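S.K.: See upload-v7.cif below, with mmCIF, C-alpha atoms and all ligand atoms.
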data_input
#
loop_
_atom_site.label_atom_id
_atom_site.label_comp_id
_atom_site.auth_asym_id
_atom_site.auth_seq_id
_atom_site.Cartn_x
_atom_site.Cartn_y
_atom_site.Cartn_z
CA MET A 1 114.64 83.26 78.70
CA SER A 2 113.62 86.69 77.50
CA ALA A 3 115.13 88.49 74.55
CA ALA A 4 116.46 91.18 76.90
CA ILE A 5 118.50 88.65 78.87
CA GLU A 6 119.72 86.85 75.77
CA GLY A 7 120.92 90.23 74.55
CA GLY A 8 122.98 90.48 77.72
CA ASP A 9 121.23 93.50 79.25
CA LEU A 10 120.80 92.06 82.69
CA LEU A 11 119.37 94.53 85.22
CA LEU A 12 118.96 92.33 88.28
CA GLN A 13 120.44 89.00 89.18
CA THR A 14 120.47 86.92 92.34
CA GLN A 15 123.01 84.18 92.87
CA GLY A 16 122.61 81.43 95.45
CA LEU A 17 120.21 83.62 97.40
CA ARG A 18 119.08 82.17 100.73
CA LYS A 19 117.09 83.31 103.70
CA SER A 20 116.54 81.12 106.72
CA PHE A 21 114.45 81.79 109.78
CA GLY A 22 115.80 79.37 112.35
CA GLY A 23 115.37 76.01 110.65
CA VAL A 24 112.97 77.29 107.96
CA HIS A 25 114.64 77.87 104.61
CA ALA A 26 112.20 80.43 103.25
CA ILE A 27 114.44 81.07 100.21
CA ASP A 28 116.70 78.17 99.48
CA GLY A 29 119.24 78.99 96.79
CA VAL A 30 117.60 81.18 94.15
CA ASP A 31 119.34 82.18 90.92
CA PHE A 32 117.09 84.79 89.35
CA ARG A 33 117.75 86.88 86.26
CA LEU A 34 115.80 89.88 85.09
CA GLY A 35 116.47 91.73 81.85
CA ARG A 36 116.13 95.49 81.51
CA GLY A 37 112.65 96.39 80.27
CA GLU A 38 110.95 93.23 81.48
CA LEU A 39 107.63 92.96 83.29
CA ARG A 40 107.89 89.91 85.52
CA CYS A 41 105.35 88.40 87.91
CA LEU A 42 106.41 86.33 90.90
CA ILE A 43 103.79 83.76 91.80
CA GLY A 44 103.49 80.61 93.89
CA PRO A 45 101.28 79.09 96.57
CA ASN A 46 101.15 80.38 100.16
CA GLY A 47 104.49 79.98 101.92
CA ALA A 48 106.43 79.53 98.65
CA GLY A 49 108.86 82.30 99.60
CA LYS A 50 107.72 85.16 97.33
CA SER A 51 107.47 87.76 100.11
CA THR A 52 110.80 86.76 101.59
CA PHE A 53 112.45 87.02 98.17
CA PHE A 54 110.78 90.40 97.56
CA LYS A 55 111.89 91.72 100.97
CA MET A 56 115.49 90.86 100.20
CA LEU A 57 115.28 92.83 96.94
CA THR A 58 113.84 95.83 98.80
CA GLY A 59 116.41 95.72 101.60
CA GLN A 60 113.85 94.79 104.29
CA TYR A 61 115.60 91.45 104.86
CA VAL A 62 119.32 90.75 104.85
CA PRO A 63 120.03 87.48 103.01
CA THR A 64 121.50 84.56 104.94
CA ALA A 65 123.70 83.86 101.90
CA GLY A 66 124.08 84.80 98.26
CA SER A 67 124.19 88.02 96.28
CA ILE A 68 121.74 90.44 94.67
CA LEU A 69 123.33 92.27 91.77
CA PHE A 70 121.61 95.38 90.47
CA GLU A 71 123.41 96.82 87.46
CA GLY A 72 126.34 94.70 88.56
CA ALA A 73 126.58 96.07 92.13
CA ASP A 74 125.76 93.85 95.10
CA ILE A 75 122.84 95.41 96.99
CA ALA A 76 122.24 92.48 99.36
CA GLY A 77 121.58 93.95 102.79
CA ALA A 78 121.80 97.58 101.54
CA GLU A 79 119.88 100.31 103.37
CA ALA A 80 116.51 101.36 101.91
CA HIS A 81 117.75 104.86 101.01
CA ASP A 82 120.71 103.38 99.12
CA ILE A 83 118.42 101.07 97.20
CA GLY A 84 116.18 104.03 96.33
CA ARG A 85 119.15 106.14 95.26
CA ARG A 86 120.26 103.43 92.85
CA GLY A 87 116.94 103.67 91.02
CA ILE A 88 114.77 101.00 92.61
CA GLY A 89 111.21 102.11 93.45
CA ILE A 90 109.19 100.06 95.90
CA LYS A 91 105.53 99.77 96.69
CA ASN A 92 104.77 97.55 99.64
CA GLN A 93 101.33 96.34 100.63
CA VAL A 94 101.24 98.65 103.64
CA PRO A 95 100.29 102.17 102.49
CA ASP A 96 103.06 104.72 102.67
CA VAL A 97 101.19 107.98 102.08
CA PHE A 98 100.42 111.11 104.12
CA ASP A 99 96.66 111.05 104.66
CA GLY A 100 96.33 114.70 105.60
CA VAL A 101 97.51 116.17 102.29
CA SER A 102 96.41 115.77 98.70
CA GLY A 103 97.53 113.06 96.33
CA ARG A 104 99.31 115.71 94.27
CA GLU A 105 101.31 116.89 97.31
CA ASN A 106 102.24 113.33 98.17
CA ILE A 107 103.55 112.80 94.66
CA TYR A 108 105.43 116.11 94.83
CA LEU A 109 107.09 115.15 98.13
CA ALA A 110 108.20 111.87 96.59
CA ALA A 111 109.51 113.67 93.50
CA ARG A 112 111.57 116.01 95.69
CA TYR A 113 113.59 113.08 97.03
CA ALA A 114 114.95 112.56 93.56
CA HIS A 115 114.74 115.93 91.79
CA PRO A 116 115.35 119.65 92.32
CA LYS A 117 112.24 121.82 92.71
CA ARG A 118 111.47 122.69 89.09
CA ARG A 119 112.09 119.22 87.81
CA ALA A 120 109.99 117.78 90.66
CA GLY A 121 107.09 120.06 89.73
CA ALA A 122 107.28 118.97 86.11
CA MET A 123 107.51 115.32 87.13
CA VAL A 124 104.30 115.58 89.17
CA ASP A 125 102.34 116.80 86.16
CA GLU A 126 103.90 114.18 83.94
CA VAL A 127 103.13 111.32 86.33
CA ILE A 128 99.54 112.45 86.93
CA ASP A 129 99.00 112.68 83.21
CA ARG A 130 100.63 109.32 82.47
CA LEU A 131 98.67 107.48 85.11
CA GLY A 132 95.42 109.25 84.27
CA ILE A 133 94.71 110.20 87.89
CA ALA A 134 93.99 113.93 87.46
CA GLY A 135 90.31 113.40 88.32
CA PHE A 136 90.92 112.73 92.02
CA VAL A 137 94.54 113.57 92.78
CA ASP A 138 93.76 116.94 94.37
CA GLY A 139 91.59 115.35 97.05
CA GLN A 140 92.97 114.58 100.51
CA VAL A 141 94.46 111.10 100.39
CA GLY A 142 92.66 110.13 103.60
CA GLU A 143 89.36 110.58 101.80
CA LEU A 144 90.19 108.66 98.64
CA ALA A 145 88.88 105.19 97.78
CA HIS A 146 91.23 102.26 98.38
CA GLY A 147 92.15 101.90 94.71
CA GLN A 148 92.76 105.63 94.31
CA ARG A 149 95.18 105.64 97.28
CA GLN A 150 97.08 102.78 95.69
CA TRP A 151 97.34 104.69 92.42
CA VAL A 152 98.63 107.77 94.25
CA GLU A 153 101.29 105.53 95.77
CA ILE A 154 102.20 104.20 92.35
CA GLY A 155 102.47 107.84 91.26
CA MET A 156 104.85 108.48 94.18
CA VAL A 157 107.06 105.63 93.03
CA MET A 158 107.05 106.86 89.43
CA ALA A 159 107.84 110.46 90.42
CA ARG A 160 111.36 109.36 91.31
CA GLU A 161 111.87 107.96 87.81
CA PRO A 162 113.00 104.51 88.92
CA LYS A 163 114.77 102.05 86.65
CA LEU A 164 113.22 99.11 88.48
CA VAL A 165 109.80 99.09 90.16
CA LEU A 166 109.00 96.43 92.77
CA LEU A 167 105.30 96.01 93.57
CA ASP A 168 103.95 93.74 96.31
CA GLU A 169 100.40 92.58 95.55
CA PRO A 170 99.27 95.88 94.02
CA SER A 171 95.71 94.64 93.46
CA ALA A 172 95.15 93.38 97.03
CA GLY A 173 91.75 94.47 98.34
CA MET A 174 90.67 95.97 95.02
CA SER A 175 87.39 95.53 93.15
CA ALA A 176 87.50 93.82 89.75
CA GLU A 177 87.32 97.21 88.03
CA GLU A 178 90.13 98.68 90.16
CA THR A 179 92.22 95.58 89.53
CA HIS A 180 91.75 95.93 85.78
CA ARG A 181 92.79 99.57 85.90
CA THR A 182 95.82 98.78 88.06
CA ALA A 183 96.95 96.24 85.48
CA GLU A 184 96.71 98.93 82.79
CA LEU A 185 98.74 101.31 84.99
CA ILE A 186 101.44 98.71 85.43
CA LYS A 187 101.70 98.24 81.68
CA GLU A 188 102.08 102.00 81.38
CA ILE A 189 104.83 102.01 84.03
CA ASN A 190 106.61 99.27 82.10
CA ARG A 191 106.96 101.58 79.11
CA THR A 192 109.79 103.35 80.99
CA ALA A 193 110.77 101.01 83.83
CA THR A 194 111.50 97.36 84.44
CA VAL A 195 108.82 95.93 86.74
CA VAL A 196 108.60 93.02 89.18
CA VAL A 197 105.19 92.23 90.66
CA VAL A 198 104.28 89.75 93.38
CA GLU A 199 100.65 88.78 92.80
CA HIS A 200 98.01 86.18 93.61
CA ASP A 201 95.24 87.28 91.25
CA MET A 202 95.53 85.12 88.13
CA GLN A 203 93.21 87.33 86.08
CA PHE A 204 95.48 90.24 86.84
CA ILE A 205 98.62 88.25 86.03
CA ARG A 206 97.20 87.23 82.67
CA GLN A 207 96.33 90.84 81.92
CA ILE A 208 99.84 92.16 82.57
CA ALA A 209 102.40 89.45 82.45
CA THR A 210 104.70 88.21 79.83
CA MET A 211 107.00 86.07 81.97
CA VAL A 212 106.20 84.56 85.34
CA THR A 213 108.57 83.05 87.87
CA VAL A 214 106.84 80.40 89.95
CA PHE A 215 108.22 79.84 93.45
CA HIS A 216 107.70 76.67 95.44
CA GLN A 217 109.30 75.73 98.75
CA GLY A 218 111.84 78.52 98.55
CA ARG A 219 113.03 77.70 95.03
CA ILE A 220 112.16 78.59 91.46
CA LEU A 221 109.91 75.83 90.13
CA VAL A 222 109.15 77.16 86.65
CA GLU A 223 109.99 80.28 84.66
CA GLU A 224 107.86 80.67 81.56
CA VAL A 225 105.49 82.87 79.64
CA VAL A 226 102.29 83.15 81.61
CA ASP A 227 100.02 80.77 79.69
CA LYS A 228 102.64 78.03 79.49
CA ALA A 229 103.53 78.42 83.17
CA LEU A 230 99.91 78.12 84.29
CA ALA A 231 99.39 75.08 82.06
CA ASP A 232 102.52 73.34 83.40
CA SER A 233 101.61 70.21 85.35
CA ARG A 234 104.20 70.97 88.07
CA VAL A 235 102.63 74.39 88.62
CA ARG A 236 99.12 72.94 88.63
CA ASP A 237 100.22 70.34 91.18
CA VAL A 238 101.57 72.87 93.66
CA TYR A 239 98.44 74.96 93.34
CA LEU A 240 96.16 71.93 93.52
CA GLY A 241 92.95 72.87 95.21
CA ARG A 242 93.77 76.56 95.00
CA GLY A 243 92.15 77.14 91.65
CA VAL A 244 94.77 78.03 89.06
CA ALA A 245 92.46 78.44 86.10
N1 LIG B 1 109.70 86.31 109.71
C1 LIG B 1 109.59 84.98 109.57
N2 LIG B 1 109.92 84.15 110.59
C2 LIG B 1 109.82 82.80 110.44
N3 LIG B 1 109.39 82.20 109.32
C3 LIG B 1 109.05 82.98 108.28
C4 LIG B 1 109.12 84.41 108.35
N4 LIG B 1 108.72 84.92 107.15
C5 LIG B 1 108.40 83.86 106.38
N5 LIG B 1 108.59 82.70 107.05
C6 LIG B 1 108.38 81.34 106.52
O1 LIG B 1 109.07 81.26 105.29
C7 LIG B 1 108.29 80.57 104.32
C8 LIG B 1 108.05 81.46 103.12
O2 LIG B 1 107.16 82.52 103.50
P1 LIG B 1 106.78 83.75 102.55
O3 LIG B 1 105.92 84.68 103.35
O4 LIG B 1 108.01 84.31 101.94
O5 LIG B 1 105.91 83.02 101.44
P2 LIG B 1 104.94 83.66 100.35
O6 LIG B 1 105.16 82.90 99.11
O7 LIG B 1 105.13 85.13 100.30
O8 LIG B 1 103.52 83.32 100.96
P3 LIG B 1 102.13 84.17 100.87
O9 LIG B 1 101.66 84.01 99.47
O10 LIG B 1 101.26 83.46 101.84
O11 LIG B 1 102.44 85.59 101.26
C9 LIG B 1 107.04 80.11 105.03
O12 LIG B 1 107.26 78.79 105.50
C10 LIG B 1 106.92 81.08 106.18
O13 LIG B 1 106.24 80.49 107.27
#
Please render this file's structure as structure tokens.
Ligand SMILES: Nc1ncnc2c1ncn2[C@@H]1O[C@H](COP(=O)(O)OP(=O)(O)OP(=O)(O)O)[C@@H](O)[C@H]1O

M.R.:
Amino acid sequence: MSAAIEGGDLLLQTQGLRKSFGGVHAIDGVDFRLGRGELRCLIGPNGAGKSTFFKMLTGQYVPTAGSILFEGADIAGAEAHDIGRRGIGIKNQVPDVFDGVSGRENIYLAARYAHPKRRAGAMVDEVIDRLGIAGFVDGQVGELAHGQRQWVEIGMVMAREPKLVLLDEPSAGMSAEETHRTAELIKEINRTATVVVVEHDMQFIRQIATMVTVFHQGRILVEEVVDKALADSRVRDVYLGRGVA
């Protein structure tokens, strides 16, 4: 358990969380605890339940049972705008940007959801500077490289100053160099926000993670610091043949 949780500063907690699709128990009673300030990776083999768990946190799925407490309030089944208003920023795999305008304008529009005009303007400059994306952010998003679009989206999430950032496979489809840079961006984000990342890329996980939560068959199998988790025989067994290195 992390120092943050031991200290009692729990930001997010699920209790007895379940999601069933017909007879399939995609998430089967998950008690998850996340301390403020943490950077946590959710991993597990295909079908383990990571996406289903993630989609309950983001409000895309309503749990079959259980609670999701964010700063003590139950957000299970809450609308997306309510989740955003509470300070949870989400980046899904599907891009959520306006192609016809610049990256800067996209970030500004996102900032305006959360801030009045002047503050939003200042936030845009701050985010662009923090993420180091000034070199391409004035180009039309539709013409940016895949990685650059993803970074603009991360900028849009950060412009709302979230307390918790939820990222679904942020390095999907990226080159090794883009993946490396994304990992550095996530560490930067974690300086001011708690972060949960669903990822497959082990190189990436090693680069960013402190703690990983390993899902298997809808439950938490192991929760450990990254190197110990990946060396755990139970984790190696469930990944057998899928190359956990
Ligand atoms: N909408 C759905 N309808 C029916 N079954 C579903 C649905 N979504 C997920 N499942 C099932 O729930 C289980 C968990 O799936 P989930 O997508 O959450 O796993 P995952 O760990 O995210 O896998 P992957 O790494 O492949 O994305 C699987 O058995 C899957 O087939």

S.K.: Using only C-alpha atoms, which of A:Glu161, A:Glu143, A:Glu184, A:Glu178 sits nearest A:Leu131?

M.R.: A:Glu184

S.K.: May I have the residues at most 12 Å from (114.2, 84.4, 111.9) in the file's coordinates, counting all atoms listed in the file, as a compact mmCIF listing (two decimals) with C-alpha atoms, in the coordinates of the input?

M.R.:
# COMPACT_ATOMS: atom_id res chain seq x y z
CA LYS A 19 117.09 83.31 103.70
CA SER A 20 116.54 81.12 106.72
CA PHE A 21 114.45 81.79 109.78
CA GLY A 22 115.80 79.37 112.35
CA GLY A 23 115.37 76.01 110.65
CA VAL A 24 112.97 77.29 107.96
CA HIS A 25 114.64 77.87 104.61
CA ALA A 26 112.20 80.43 103.25
CA THR A 52 110.80 86.76 101.59
CA TYR A 61 115.60 91.45 104.86
CA VAL A 62 119.32 90.75 104.85
CA PRO A 63 120.03 87.48 103.01
CA THR A 64 121.50 84.56 104.94

S.K.: Give me, as a PyMOL selection string, the set of residues whose atoms come within 12 Å of any atom of ligand LIG 1 (chain B), counting all atoms listed in the file.

M.R.: chain A and resi 18-28+42-56+60-62+93+168-169+172+197-201+213-220+238-239+242

S.K.: Quick one: everything within 8 Å of stretch 66-74 of chain A, counting all atoms listed in the file, minus sequence neighbours fewer than 4 positions away in the same chain. Send it as an MDAnalysis selection string.

M.R.: chainID A and resid 10:18 29 57

S.K.: Which residue gives the smallest distance to A:Val195 among A:Lys228, A:Ala120, A:Val157, A:Phe98, with all atoms listed in the file counted?

M.R.: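 Using all atoms listed in the file, A:Val195 sits closest to A:Val157.
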
S.K.: Find the spatial neighbours of A:Arg181, counting all atoms listed in the file, within a cut-off of 10 Å - ignore same-chain residues fewer than 3 positions away - and output them as number ranges by chain.

M.R.: A: 131, 147, 151, 171, 175-178, 184-187, 204

S.K.: For A:Val97, work out the shell of residues within 9 Å, counting all atoms listed in the file and skipping chain neighbours fewer than 5 positions away, then give it as a list in words.

M.R.: Gly103, Asn106, Val141, Gly142, Arg149, Val152, Glu153 and Met156 of chain A

S.K.: Using all atoms listed in the file, find the one residue out of A:Lys91, A:His146, A:Arg234, A:Arg160 that sits nearest to A:Leu109.

M.R.: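 The answer is A:Arg160, which sits nearest to A:Leu109.
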
S.K.: Kindly give the distance, in Å, that separates atom CA of A:Ser233 and atom CA of A:Leu167, rounded to a single decimal.

M.R.: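 For atom CA of A:Ser233 relative to atom CA of A:Leu167, the distance reads 27.3 Å.
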
S.K.: List as a ChimeraX atom specification the protein and nucleic acid residues near A:Val165, meaning an atom at most 10 Å away when all atoms listed in the file are counted, but skip any in the same chain fewer than 6 places from it.

M.R.: /A:39,87-91,154,157-158,186,189-190,193-197

S.K.: Atom CA of A:Ala114 to atom CA of A:Gly135: how many Å, to one decimal?

M.R.: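 Distance between the two atoms: 25.2 Å.
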
S.K.: Between A:Leu34, A:Leu230, A:Ala209, A:Ala111, which has the minimum distance to A:Leu164 (counting all atoms listed in the file)?

M.R.: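 Among A:Leu34, A:Leu230, A:Ala209, A:Ala111, it is A:Leu34 that comes nearest to A:Leu164.
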
S.K.: Quick one: distance from atom CA of A:Val212 to atom CA of A:Cys41 in Å, one decimal?

M.R.: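 Pair atom CA of A:Val212 / atom CA of A:Cys41 returns 4.7 Å.
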
S.K.: Just want the 8 Å neighbourhood of A:Gln140, counted on all atoms listed in the file, with same-chain residues fewer than 3 positions away dropped. Output as a list in words.

M.R.: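 The neighbour list is Asp99, Gly100, Val101, Ser102, Gly103, Val137, Glu143 and Leu144 of chain A.
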
S.K.: Have a look at A:Arg236, A:Gln148, A:Ala159, A:Asp138 and name the one nearest to A:His115; count all atoms listed in the file.

M.R.: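 The answer is A:Ala159, which sits nearest to A:His115.
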